[in-house]
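One file, final19.tsv, is given below (TSV, C-alpha atoms).
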chain	number	residue	atom	x	y	z
A	163	MET	CA	26.88	23.55	-8.14
A	164	GLU	CA	27.90	26.20	-10.67
A	165	THR	CA	30.72	26.49	-13.15
A	166	PRO	CA	33.54	28.90	-12.20
A	167	ARG	CA	32.96	31.10	-15.26
A	168	GLU	CA	29.22	31.56	-14.76
A	169	LYS	CA	29.56	35.35	-14.24
A	170	GLU	CA	31.08	35.67	-17.70
A	171	HIS	CA	28.12	34.05	-19.45
A	172	LEU	CA	25.72	36.17	-21.44
A	173	LEU	CA	22.75	33.99	-20.50
A	174	SER	CA	21.25	33.21	-17.11
A	175	LEU	CA	19.29	30.12	-16.12
A	176	LYS	CA	16.47	30.04	-13.58
A	177	VAL	CA	14.46	27.04	-12.48
A	178	MET	CA	11.30	27.18	-10.36
A	179	ARG	CA	9.28	24.23	-9.23
A	180	LEU	CA	5.60	24.46	-10.11
A	181	THR	CA	3.52	23.36	-7.17
A	182	LYS	CA	0.32	24.29	-5.42
A	183	PRO	CA	0.52	27.03	-2.79
A	184	SER	CA	-0.25	26.36	0.85
A	185	PHE	CA	-2.42	28.19	3.35
A	186	VAL	CA	-0.75	30.55	5.77
A	187	MET	CA	-0.75	28.94	9.22
A	188	SER	CA	-0.67	30.91	12.48
A	189	SER	CA	-0.76	30.18	16.19
A	190	PRO	CA	-3.36	32.55	17.69
A	191	VAL	CA	-2.79	33.87	21.20
A	192	LEU	CA	-6.27	33.98	22.74
A	193	GLY	CA	-7.41	36.23	25.54
A	194	GLU	CA	-10.53	35.76	27.66
A	195	PRO	CA	-13.19	38.49	28.01
A	196	GLN	CA	-12.07	39.40	31.56
A	197	ASP	CA	-8.48	40.05	30.47
A	198	VAL	CA	-7.25	43.66	30.43
A	199	PHE	CA	-6.48	43.66	26.69
A	200	ALA	CA	-9.88	42.17	25.71
A	201	ASN	CA	-11.30	45.72	25.28
A	202	GLY	CA	-14.71	44.68	26.57
A	203	THR	CA	-15.46	42.26	23.72
A	204	ASP	CA	-17.45	39.09	24.29
A	205	GLY	CA	-15.81	35.71	23.77
A	206	PHE	CA	-12.20	34.96	22.96
A	207	GLN	CA	-10.03	37.38	21.03
A	208	ASP	CA	-6.67	36.97	19.32
A	209	VAL	CA	-4.24	39.14	21.25
A	210	SER	CA	-1.77	39.37	18.35
A	211	PRO	CA	-3.65	38.94	15.07
A	212	ARG	CA	-1.47	38.15	12.09
A	213	LEU	CA	-1.79	38.78	8.40
A	214	GLY	CA	-4.21	36.39	6.79
A	215	THR	CA	-6.30	35.50	9.84
A	216	VAL	CA	-9.95	34.90	9.10
A	217	PRO	CA	-12.23	37.72	10.37
A	218	GLY	CA	-14.68	36.48	12.98
A	219	LEU	CA	-12.69	33.30	13.67
A	220	PRO	CA	-9.96	34.34	16.11
A	221	ALA	CA	-9.24	30.77	17.21
A	222	ALA	CA	-8.69	29.45	13.67
A	223	SER	CA	-5.05	28.67	12.91
A	224	LEU	CA	-5.74	28.27	9.18
A	225	GLY	CA	-5.52	31.62	7.43
A	226	GLU	CA	-7.23	32.90	4.29
A	227	LEU	CA	-4.01	33.75	2.41
A	228	LEU	CA	-1.89	31.46	0.27
A	229	THR	CA	1.88	31.34	0.19
A	230	LEU	CA	4.21	30.00	-2.48
A	231	PRO	CA	6.93	27.47	-1.60
A	232	GLN	CA	10.21	29.08	-0.57
A	233	ASN	CA	12.48	26.24	-1.73
A	234	PHE	CA	12.56	23.24	-4.02
A	235	GLY	CA	11.08	21.10	-1.24
A	236	SER	CA	10.28	17.39	-1.37
A	237	ILE	CA	8.00	15.41	-3.62
A	238	TYR	CA	6.20	12.15	-2.96
A	239	LEU	CA	6.39	8.98	-4.97
A	240	GLY	CA	3.59	8.76	-7.54
A	241	GLU	CA	3.15	12.52	-7.89
A	242	THR	CA	4.00	14.55	-11.01
A	243	PHE	CA	7.11	16.70	-10.75
A	244	SER	CA	6.65	19.99	-12.61
A	245	CYS	CA	9.15	22.79	-13.03
A	246	TYR	CA	9.53	25.98	-15.03
A	247	VAL	CA	12.86	26.51	-16.83
A	248	SER	CA	13.78	29.95	-18.12
A	249	VAL	CA	16.92	31.03	-20.01
A	250	HIS	CA	17.26	34.80	-20.24
A	251	ASN	CA	19.67	36.92	-22.28
A	252	ASP	CA	21.00	39.43	-19.75
A	253	SER	CA	23.45	41.04	-22.15
A	254	THR	CA	23.12	43.61	-24.94
A	255	GLN	CA	24.33	41.15	-27.56
A	256	THR	CA	22.47	38.64	-29.67
A	257	VAL	CA	23.47	35.01	-29.20
A	258	LYS	CA	22.84	32.13	-31.59
A	259	ASP	CA	22.25	28.38	-31.55
A	260	VAL	CA	20.79	28.31	-28.03
A	261	LEU	CA	20.02	24.79	-26.82
A	262	VAL	CA	18.53	23.96	-23.41
A	263	LYS	CA	18.70	20.37	-22.21
A	264	THR	CA	17.29	18.96	-18.96
A	265	ASP	CA	17.95	15.52	-17.48
A	266	LEU	CA	16.83	13.84	-14.28
A	267	GLN	CA	19.43	11.73	-12.49
A	268	THR	CA	18.13	9.07	-10.10
A	269	SER	CA	19.96	6.41	-8.13
A	270	SER	CA	19.53	3.90	-10.95
A	271	GLN	CA	19.18	5.79	-14.22
A	272	ARG	CA	19.40	9.10	-16.06
A	273	LEU	CA	16.25	10.29	-17.83
A	274	ALA	CA	16.19	12.88	-20.63
A	275	LEU	CA	13.27	15.25	-19.96
A	276	SER	CA	13.76	17.80	-22.73
A	277	GLY	CA	16.24	18.99	-25.33
A	278	ALA	CA	17.42	15.55	-26.48
A	279	GLY	CA	17.59	15.68	-30.28
A	280	ALA	CA	16.02	19.17	-30.36
A	281	THR	CA	17.04	21.81	-32.89
A	282	PRO	CA	18.86	24.81	-31.36
A	283	GLN	CA	17.08	28.16	-31.47
A	284	VAL	CA	18.53	30.29	-34.25
A	285	GLN	CA	19.09	33.40	-32.11
A	286	LEU	CA	18.14	34.99	-28.81
A	287	ASP	CA	17.92	38.77	-28.73
A	288	PRO	CA	18.83	40.91	-25.70
A	289	GLU	CA	16.25	40.83	-22.87
A	290	SER	CA	14.58	37.84	-24.53
A	291	CYS	CA	14.10	34.45	-22.95
A	292	ILE	CA	13.37	30.80	-23.68
A	293	ASP	CA	10.74	29.28	-21.39
A	294	GLU	CA	9.50	25.74	-21.05
A	295	VAL	CA	7.53	23.67	-18.55
A	296	ILE	CA	8.75	20.16	-17.73
A	297	GLN	CA	6.59	17.44	-16.20
A	298	HIS	CA	7.61	13.98	-15.09
A	299	GLU	CA	5.82	11.31	-13.05
A	300	VAL	CA	8.14	10.25	-10.25
A	301	LYS	CA	8.53	6.47	-10.00
A	302	GLU	CA	11.60	6.05	-7.77
A	303	LEU	CA	12.42	6.87	-4.16
A	304	GLY	CA	15.51	8.63	-2.92
A	305	THR	CA	17.64	11.52	-4.10
A	306	HIS	CA	16.91	13.04	-7.52
A	307	ILE	CA	19.08	15.62	-9.30
A	308	LEU	CA	17.69	17.86	-12.01
A	309	VAL	CA	20.50	18.70	-14.45
A	310	CYS	CA	19.94	21.76	-16.66
A	311	ALA	CA	22.53	22.41	-19.39
A	312	VAL	CA	22.68	25.43	-21.73
A	313	SER	CA	24.87	25.79	-24.81
A	314	TYR	CA	25.06	28.79	-27.19
A	315	ASN	CA	27.30	30.74	-29.52
A	316	PRO	CA	28.13	34.35	-28.55
A	317	PRO	CA	29.13	36.98	-31.17
A	318	SER	CA	32.77	36.06	-30.59
A	319	GLY	CA	32.06	32.65	-32.15
A	320	ASP	CA	33.22	30.53	-29.19
A	321	ASN	CA	30.88	27.74	-28.17
A	322	MET	CA	29.75	28.43	-24.56
A	323	TYR	CA	28.30	25.89	-22.20
A	324	PHE	CA	27.22	25.79	-18.53
A	325	ARG	CA	25.14	23.60	-16.22
A	326	LYS	CA	23.18	23.88	-13.00
A	327	PHE	CA	22.11	21.15	-10.61
A	328	PHE	CA	19.00	21.06	-8.42
A	329	LYS	CA	18.67	18.31	-5.83
A	330	PHE	CA	15.42	17.15	-4.23
A	331	GLN	CA	14.15	14.15	-2.28
A	332	VAL	CA	11.39	11.76	-3.31
A	333	LEU	CA	9.60	10.43	-0.22
A	334	LYS	CA	7.22	7.57	0.38
A	335	PRO	CA	3.60	8.80	0.72
A	336	LEU	CA	1.86	5.59	1.75
A	337	ASP	CA	2.66	2.50	3.78
A	338	VAL	CA	0.86	-0.48	2.22
A	339	LYS	CA	0.58	-3.80	4.05
A	340	THR	CA	-1.23	-6.83	2.64
A	341	LYS	CA	-2.34	-10.12	4.12
A	342	PHE	CA	-4.07	-13.14	2.57
A	343	TYR	CA	-6.76	-15.21	4.29
A	344	SER	CA	-7.96	-18.62	3.15
A	345	THR	CA	-11.40	-19.87	4.08
A	346	GLU	CA	-11.44	-22.56	6.75
A	347	ASP	CA	-13.36	-25.10	4.68
A	348	ASN	CA	-11.35	-24.46	1.51
A	349	LEU	CA	-7.83	-24.32	2.86
A	350	VAL	CA	-6.70	-26.87	0.30
A	351	HIS	CA	-7.77	-26.88	-3.35
A	352	SER	CA	-9.52	-23.60	-2.61
A	353	ASP	CA	-11.08	-21.51	-5.35
A	354	GLU	CA	-11.32	-18.33	-3.26
A	355	VAL	CA	-9.10	-16.31	-0.96
A	356	TYR	CA	-9.44	-12.93	0.77
A	357	LEU	CA	-6.95	-10.07	0.57
A	358	GLU	CA	-6.73	-7.40	3.27
A	359	ALA	CA	-4.87	-4.20	2.36
A	360	GLN	CA	-3.91	-1.67	5.06
A	361	ILE	CA	-3.06	1.76	3.62
A	362	GLN	CA	-1.51	4.35	5.94
A	363	ASN	CA	-0.95	8.03	5.15
A	364	ILE	CA	2.65	8.75	6.19
A	365	THR	CA	2.81	12.27	4.73
A	366	GLN	CA	2.60	15.41	6.84
A	367	SER	CA	-0.76	16.57	5.47
A	368	PRO	CA	-4.21	15.05	4.90
A	369	MET	CA	-4.97	13.40	1.59
A	370	CYS	CA	-8.13	12.48	-0.26
A	371	ILE	CA	-8.08	8.86	-1.42
A	372	GLU	CA	-10.04	8.69	-4.66
A	373	LYS	CA	-9.59	5.05	-5.61
A	374	VAL	CA	-8.12	1.84	-4.27
A	375	SER	CA	-8.58	-1.06	-6.67
A	376	LEU	CA	-7.06	-4.49	-7.12
A	377	GLU	CA	-6.03	-5.38	-10.67
A	378	PRO	CA	-5.82	-9.20	-10.72
A	379	THR	CA	-3.87	-11.33	-13.14
A	380	ALA	CA	-5.65	-13.27	-15.87
A	381	GLU	CA	-5.93	-16.38	-13.67
A	382	TYR	CA	-8.14	-14.68	-11.06
A	383	SER	CA	-11.25	-12.52	-10.75
A	384	VAL	CA	-11.80	-10.04	-7.93
A	385	THR	CA	-14.83	-8.80	-5.99
A	386	GLU	CA	-14.52	-5.59	-3.99
A	387	LEU	CA	-15.96	-5.87	-0.48
A	388	ASN	CA	-15.65	-2.18	0.42
A	389	LEU	CA	-19.10	-1.15	-0.83
A	390	LYS	CA	-22.40	-1.15	1.00
A	391	PRO	CA	-24.85	-3.67	-0.49
A	392	ASN	CA	-28.10	-2.36	-1.95
A	393	ILE	CA	-27.19	1.30	-1.25
A	394	ASN	CA	-26.19	2.48	-4.72
A	395	SER	CA	-22.80	0.83	-4.24
A	396	SER	CA	-21.69	3.57	-1.85
A	397	SER	CA	-18.42	3.20	0.02
A	398	ILE	CA	-18.38	1.80	3.56
A	399	PHE	CA	-16.31	4.84	4.51
A	400	GLY	CA	-19.16	7.19	3.59
A	401	ASP	CA	-18.68	10.53	1.88
A	402	ILE	CA	-15.56	11.39	3.89
A	403	THR	CA	-12.55	10.43	1.79
A	404	TYR	CA	-9.98	12.39	3.80
A	405	VAL	CA	-7.25	10.42	5.57
A	406	ASN	CA	-5.28	12.36	8.16
A	407	PRO	CA	-1.52	11.90	8.65
A	408	MET	CA	-0.63	8.51	10.19
A	409	ASP	CA	-4.24	7.29	9.85
A	410	THR	CA	-4.87	3.86	8.31
A	411	ARG	CA	-7.69	2.45	6.19
A	412	GLN	CA	-8.41	-1.20	5.57
A	413	TYR	CA	-9.70	-2.59	2.28
A	414	LEU	CA	-10.94	-6.12	1.64
A	415	TYR	CA	-11.14	-8.07	-1.64
A	416	ARG	CA	-12.27	-11.57	-2.53
A	417	LEU	CA	-10.27	-13.40	-5.18
A	418	MET	CA	-11.70	-16.29	-7.16
A	419	ALA	CA	-9.56	-18.63	-9.22
A	420	GLN	CA	-10.70	-18.86	-12.83
A	421	PRO	CA	-11.60	-22.45	-13.77
A	422	PRO	CA	-9.33	-23.99	-16.42
A	423	GLN	CA	-10.76	-25.03	-19.74
A	424	GLY	CA	-12.98	-28.05	-19.37
A	425	SER	CA	-13.39	-27.64	-15.59
A	426	GLU	CA	-16.26	-26.17	-13.60
A	427	ARG	CA	-14.20	-25.06	-10.63
A	428	GLY	CA	-10.82	-23.36	-10.34
A	429	SER	CA	-8.21	-23.74	-7.65
A	430	PHE	CA	-5.31	-21.63	-6.46
A	431	THR	CA	-1.83	-22.65	-7.51
A	432	LYS	CA	0.21	-24.42	-4.88
A	433	GLY	CA	3.37	-22.66	-3.73
A	434	VAL	CA	4.02	-19.03	-4.73
A	435	SER	CA	1.60	-17.37	-7.15
A	436	SER	CA	1.20	-13.80	-8.43
A	437	ILE	CA	-2.24	-12.39	-7.57
A	438	GLY	CA	-2.20	-8.88	-9.05
A	439	LYS	CA	-1.42	-5.25	-8.19
A	440	LEU	CA	-3.02	-2.57	-6.02
A	441	ASP	CA	-3.75	0.71	-7.82
A	442	ILE	CA	-4.09	3.72	-5.48
A	443	VAL	CA	-5.09	7.24	-6.57
A	444	TRP	CA	-5.19	10.23	-4.20
A	445	LYS	CA	-5.22	14.02	-4.08
A	446	THR	CA	-3.63	16.39	-1.62
A	447	ASN	CA	-5.60	19.08	0.22
A	448	LEU	CA	-5.08	21.50	-2.69
A	449	GLY	CA	-5.81	19.07	-5.50
A	450	GLU	CA	-2.38	17.72	-6.45
A	451	ARG	CA	-2.93	14.27	-7.89
A	452	GLY	CA	-0.84	11.20	-7.11
A	453	ARG	CA	-0.96	7.59	-8.20
A	454	LEU	CA	0.86	4.58	-6.83
A	455	GLN	CA	0.86	1.01	-8.09
A	456	THR	CA	2.33	-1.73	-5.98
A	457	SER	CA	4.62	-4.45	-7.24
A	458	PRO	CA	2.94	-7.80	-8.04
A	459	LEU	CA	1.47	-9.28	-4.86
A	460	GLN	CA	2.80	-12.76	-4.11
A	461	ARG	CA	0.78	-15.33	-2.21
A	462	VAL	CA	2.28	-18.41	-0.65
A	463	SER	CA	-0.26	-21.22	-0.34
A	464	PRO	CA	-0.47	-22.56	3.21
A	465	GLY	CA	0.93	-26.03	3.64
A	466	CYS	CA	-1.01	-28.71	5.51
A	467	GLY	CA	0.91	-31.90	4.78
A	468	ASP	CA	-0.65	-34.91	3.16
A	469	ILE	CA	-3.93	-34.73	5.10
A	470	LYS	CA	-6.12	-31.84	6.14
A	471	LEU	CA	-8.31	-32.03	9.25
A	472	ALA	CA	-11.47	-29.94	9.53
A	473	VAL	CA	-13.91	-29.93	12.47
A	474	LEU	CA	-17.48	-30.04	11.22
A	475	GLN	CA	-19.31	-30.21	14.54
A	476	ILE	CA	-18.20	-29.58	18.15
A	477	PRO	CA	-20.26	-28.31	21.13
A	478	ASP	CA	-19.46	-24.96	22.71
A	479	SER	CA	-20.00	-26.23	26.28
A	480	VAL	CA	-20.30	-29.64	27.89
A	481	THR	CA	-21.05	-31.07	31.33
A	482	LEU	CA	-18.14	-32.17	33.48
A	483	GLN	CA	-17.51	-35.94	33.68
A	484	SER	CA	-19.69	-36.56	30.65
A	485	SER	CA	-18.79	-37.52	27.10
A	486	PHE	CA	-19.61	-35.55	23.97
A	487	LYS	CA	-19.45	-36.19	20.24
A	488	LEU	CA	-17.49	-34.36	17.60
A	489	ILE	CA	-17.43	-34.89	13.84
A	490	CYS	CA	-14.25	-34.40	11.82
A	491	LYS	CA	-13.46	-34.43	8.13
A	492	LEU	CA	-10.21	-35.78	6.69
A	493	THR	CA	-9.20	-34.66	3.19
A	494	SER	CA	-6.31	-36.07	1.18
A	495	CYS	CA	-3.91	-33.42	-0.14
A	496	CYS	CA	-1.37	-35.68	-1.78
A	497	GLU	CA	-1.30	-37.36	-5.17
A	498	ARG	CA	-1.23	-40.95	-3.97
A	499	THR	CA	-3.69	-43.31	-2.29
A	500	MET	CA	-3.26	-43.71	1.46
A	501	ASP	CA	-4.35	-46.46	3.84
A	502	LEU	CA	-5.14	-44.56	7.07
A	503	LYS	CA	-5.06	-45.61	10.71
A	504	LEU	CA	-6.51	-43.43	13.50
A	505	ILE	CA	-4.26	-42.67	16.49
A	506	LEU	CA	-5.79	-41.19	19.69
A	507	GLN	CA	-3.32	-39.64	22.14
A	508	ASN	CA	-4.33	-38.63	25.69
A	509	SER	CA	-1.41	-36.29	26.33
A	510	VAL	CA	-3.18	-33.38	28.04
A	511	LYS	CA	-5.19	-32.98	31.24
A	512	GLY	CA	-8.87	-32.14	31.07
A	513	LEU	CA	-9.89	-34.14	27.99
A	514	SER	CA	-9.65	-37.85	27.27
A	515	TRP	CA	-10.46	-39.74	24.11
A	516	MET	CA	-13.05	-42.51	24.34
A	517	GLY	CA	-12.49	-45.13	21.68
A	518	ILE	CA	-9.99	-47.50	20.16
A	519	SER	CA	-6.66	-46.11	19.04
A	520	GLY	CA	-5.16	-47.75	15.95
A	521	LYS	CA	-8.50	-48.19	14.20
A	522	GLN	CA	-8.27	-48.69	10.44
A	523	LEU	CA	-10.00	-45.92	8.47
A	524	GLY	CA	-9.56	-47.50	5.06
A	525	LYS	CA	-8.08	-46.19	1.84
A	526	LEU	CA	-8.23	-42.51	0.89
A	527	GLY	CA	-7.54	-41.49	-2.71
A	528	PRO	CA	-6.14	-38.16	-3.95
A	529	GLY	CA	-8.58	-35.34	-3.17
A	530	ASP	CA	-11.05	-37.67	-1.42
A	531	SER	CA	-12.59	-37.02	2.01
A	532	ILE	CA	-14.04	-39.08	4.83
A	533	GLN	CA	-15.95	-38.14	7.97
A	534	ILE	CA	-15.25	-39.68	11.36
A	535	GLU	CA	-17.21	-39.41	14.61
A	536	LEU	CA	-15.24	-39.33	17.86
A	537	SER	CA	-16.12	-39.33	21.57
A	538	VAL	CA	-14.36	-37.21	24.19
A	539	LEU	CA	-14.67	-37.18	28.01
A	540	SER	CA	-14.23	-33.92	29.93
A	541	THR	CA	-12.49	-34.33	33.29
A	542	VAL	CA	-11.48	-30.77	34.31
A	543	PRO	CA	-13.76	-27.70	34.35
A	544	GLY	CA	-12.92	-24.55	32.40
A	545	LEU	CA	-11.86	-23.68	28.85
A	546	GLN	CA	-10.06	-26.53	27.10
A	547	VAL	CA	-8.20	-25.65	23.92
A	548	ARG	CA	-5.87	-28.58	23.32
A	549	LEU	CA	-6.73	-31.86	21.70
A	550	GLN	CA	-4.28	-34.15	19.91
A	551	ILE	CA	-5.17	-36.62	17.20
A	552	GLY	CA	-3.08	-38.37	14.57
A	553	CYS	CA	-3.43	-40.41	11.40
A	554	SER	CA	-0.76	-42.71	10.03
A	555	ASN	CA	-0.33	-43.99	6.49
A	556	VAL	CA	0.13	-47.72	6.80
A	557	TRP	CA	1.91	-47.98	3.45
A	558	ALA	CA	4.39	-45.10	3.89
A	559	TYR	CA	4.71	-45.18	7.72
A	560	LEU	CA	4.04	-41.43	7.89
A	561	VAL	CA	2.17	-39.83	10.79
A	562	ASN	CA	0.16	-36.58	10.59
A	563	SER	CA	-0.87	-35.06	13.93
A	564	TRP	CA	-2.85	-31.94	14.87
A	565	GLU	CA	-3.04	-29.88	18.07
A	566	ASN	CA	-5.10	-26.85	19.17
A	567	TRP	CA	-7.79	-27.50	16.56
A	568	GLY	CA	-10.83	-27.27	18.84
A	569	GLN	CA	-12.00	-25.69	22.08
A	570	GLU	CA	-14.91	-26.11	24.47
A	571	ILE	CA	-15.97	-25.14	27.99
A	572	ALA	CA	-16.56	-27.82	30.62
A	573	SER	CA	-18.91	-26.82	33.43
A	574	ARG	CA	-20.11	-28.57	36.55
Can you give me the file's structure in the form of structure tokens?
Amino acid sequence: METPREKEHLLSLKVMRLTKPSFVMSSPVLGEPQDVFANGTDGFQDVSPRLGTVPGLPAASLGELLTLPQNFGSIYLGETFSCYVSVHNDSTQTVKDVLVKTDLQTSSQRLALSGAGATPQVQLDPESCIDEVIQHEVKELGTHILVCAVSYNPPSGDNMYFRKFFKFQVLKPLDVKTKFYSTEDNLVHSDEVYLEAQIQNITQSPMCIEKVSLEPTAEYSVTELNLKPNINSSSIFGDITYVNPMDTRQYLYRLMAQPPQGSERGSFTKGVSSIGKLDIVWKTNLGERGRLQTSPLQRVSPGCGDIKLAVLQIPDSVTLQSSFKLICKLTSCCERTMDLKLILQNSVKGLSWMGISGKQLGKLGPGDSIQIELSVLSTVPGLQVRLQIGCSNVWAYLVNSWENWGQEIASR
């Protein structure tokens, strides 16, 4: 967008984005030695060589020349936007009080990049110019508008003013997915949890990932599990740090809850808790640096009711029409004492409980655990994955039941 009277201005404004050049790409048309236009040469030959092709490598599409960008282009989130602003006096007259101001308009705010509160230049002679380089780390997605405004006083004394607008898009460079895993034995009152981060390159060119680190909050400590043990802490990905477009890498971290004052062991907060942030640093194929930090990662503690059931011992295979033993562990997850009663339910084919249903297990205090030994009879061959067991609180008349918590193979 330009003002209607731009042709009458004594000054001209030019803006060029500062970015790395790119290699000239070509699509070679190869001919075999027996073709007429091969001229008796051995091996393949580019029928129509283009400017910048590498001598001796006719099949290479990557040239040896560099080309500058032809338009403003797009920029990715986390990269540094750089541009060169030049105001030139095209006239034969000297102008005074020249002030150049640049702002960046995003979808949510307007940022002053230069010129805010600056002192105007006293005068600008003919064929002279005012140059400046502007840099800004992009932190928002979507449409951005660079607004360049110039004000000055010509010899006539009238205050002149004009603006130019340059629009560009800020795209998402990475797709980050996270998932939390709790250890089986420490599902409740756990002091450790594992974080898996999947990072996918969704740009159109390869990138070199320099660093992926987890910055935990003060309540947690982190151990990176992406290094080879006893090998000078080298990465499990080796020396190759390139990630091609649409490729994904997985990173694993172990989080430990810091013990509170006066306690030897920490535990993760129930409900929703903030774990920390992922800090990702990368470079493009020509060295342009980018950095992205995720929003605080939220973890929702898994719920398991008032009682947690864990299987301590169960055989992998058993003989058909024979009984086998399994050992379970019941842990109280509530803040009150419970008087438990064991309920055995034969609701599926293939496995039958052997024992007395309704047996009293006694009282179980907050955080306490008890072990119980049960007998099961296999009646159908094959893989059995469903068993149902329940515990009821005699005082509160509440029933906790579990299904699909064990599996075994019955053979003849």
Spatial neighbours of A:Lys334, 10 Å, only C-alpha atoms, chain gap at least 6 places, as a ChimeraX atom specification: /A:237-240,302-304,363-365
Quick one: residues within 7 Å of A:His298, all atoms listed in the file counted, chain neighbours fewer than 6 positions away excluded, as a list in words? Thr242, Phe243 and Ser244 of chain A
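With atom CA of A:Asp287 on one side and atom CA of A:Val257 on the other, the separation reads 6.7 Å.
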So which one's closest to A:Ser253, A:Ser174, A:Gln420, A:Ser344, A:Ser397? Using all atoms listed in the file, please. A:Ser174
Given only C-alpha atoms as the counted atoms, nearest of A:Ser248, A:Thr256, A:Gln297, A:Ser537 to A:Phe486: A:Ser537
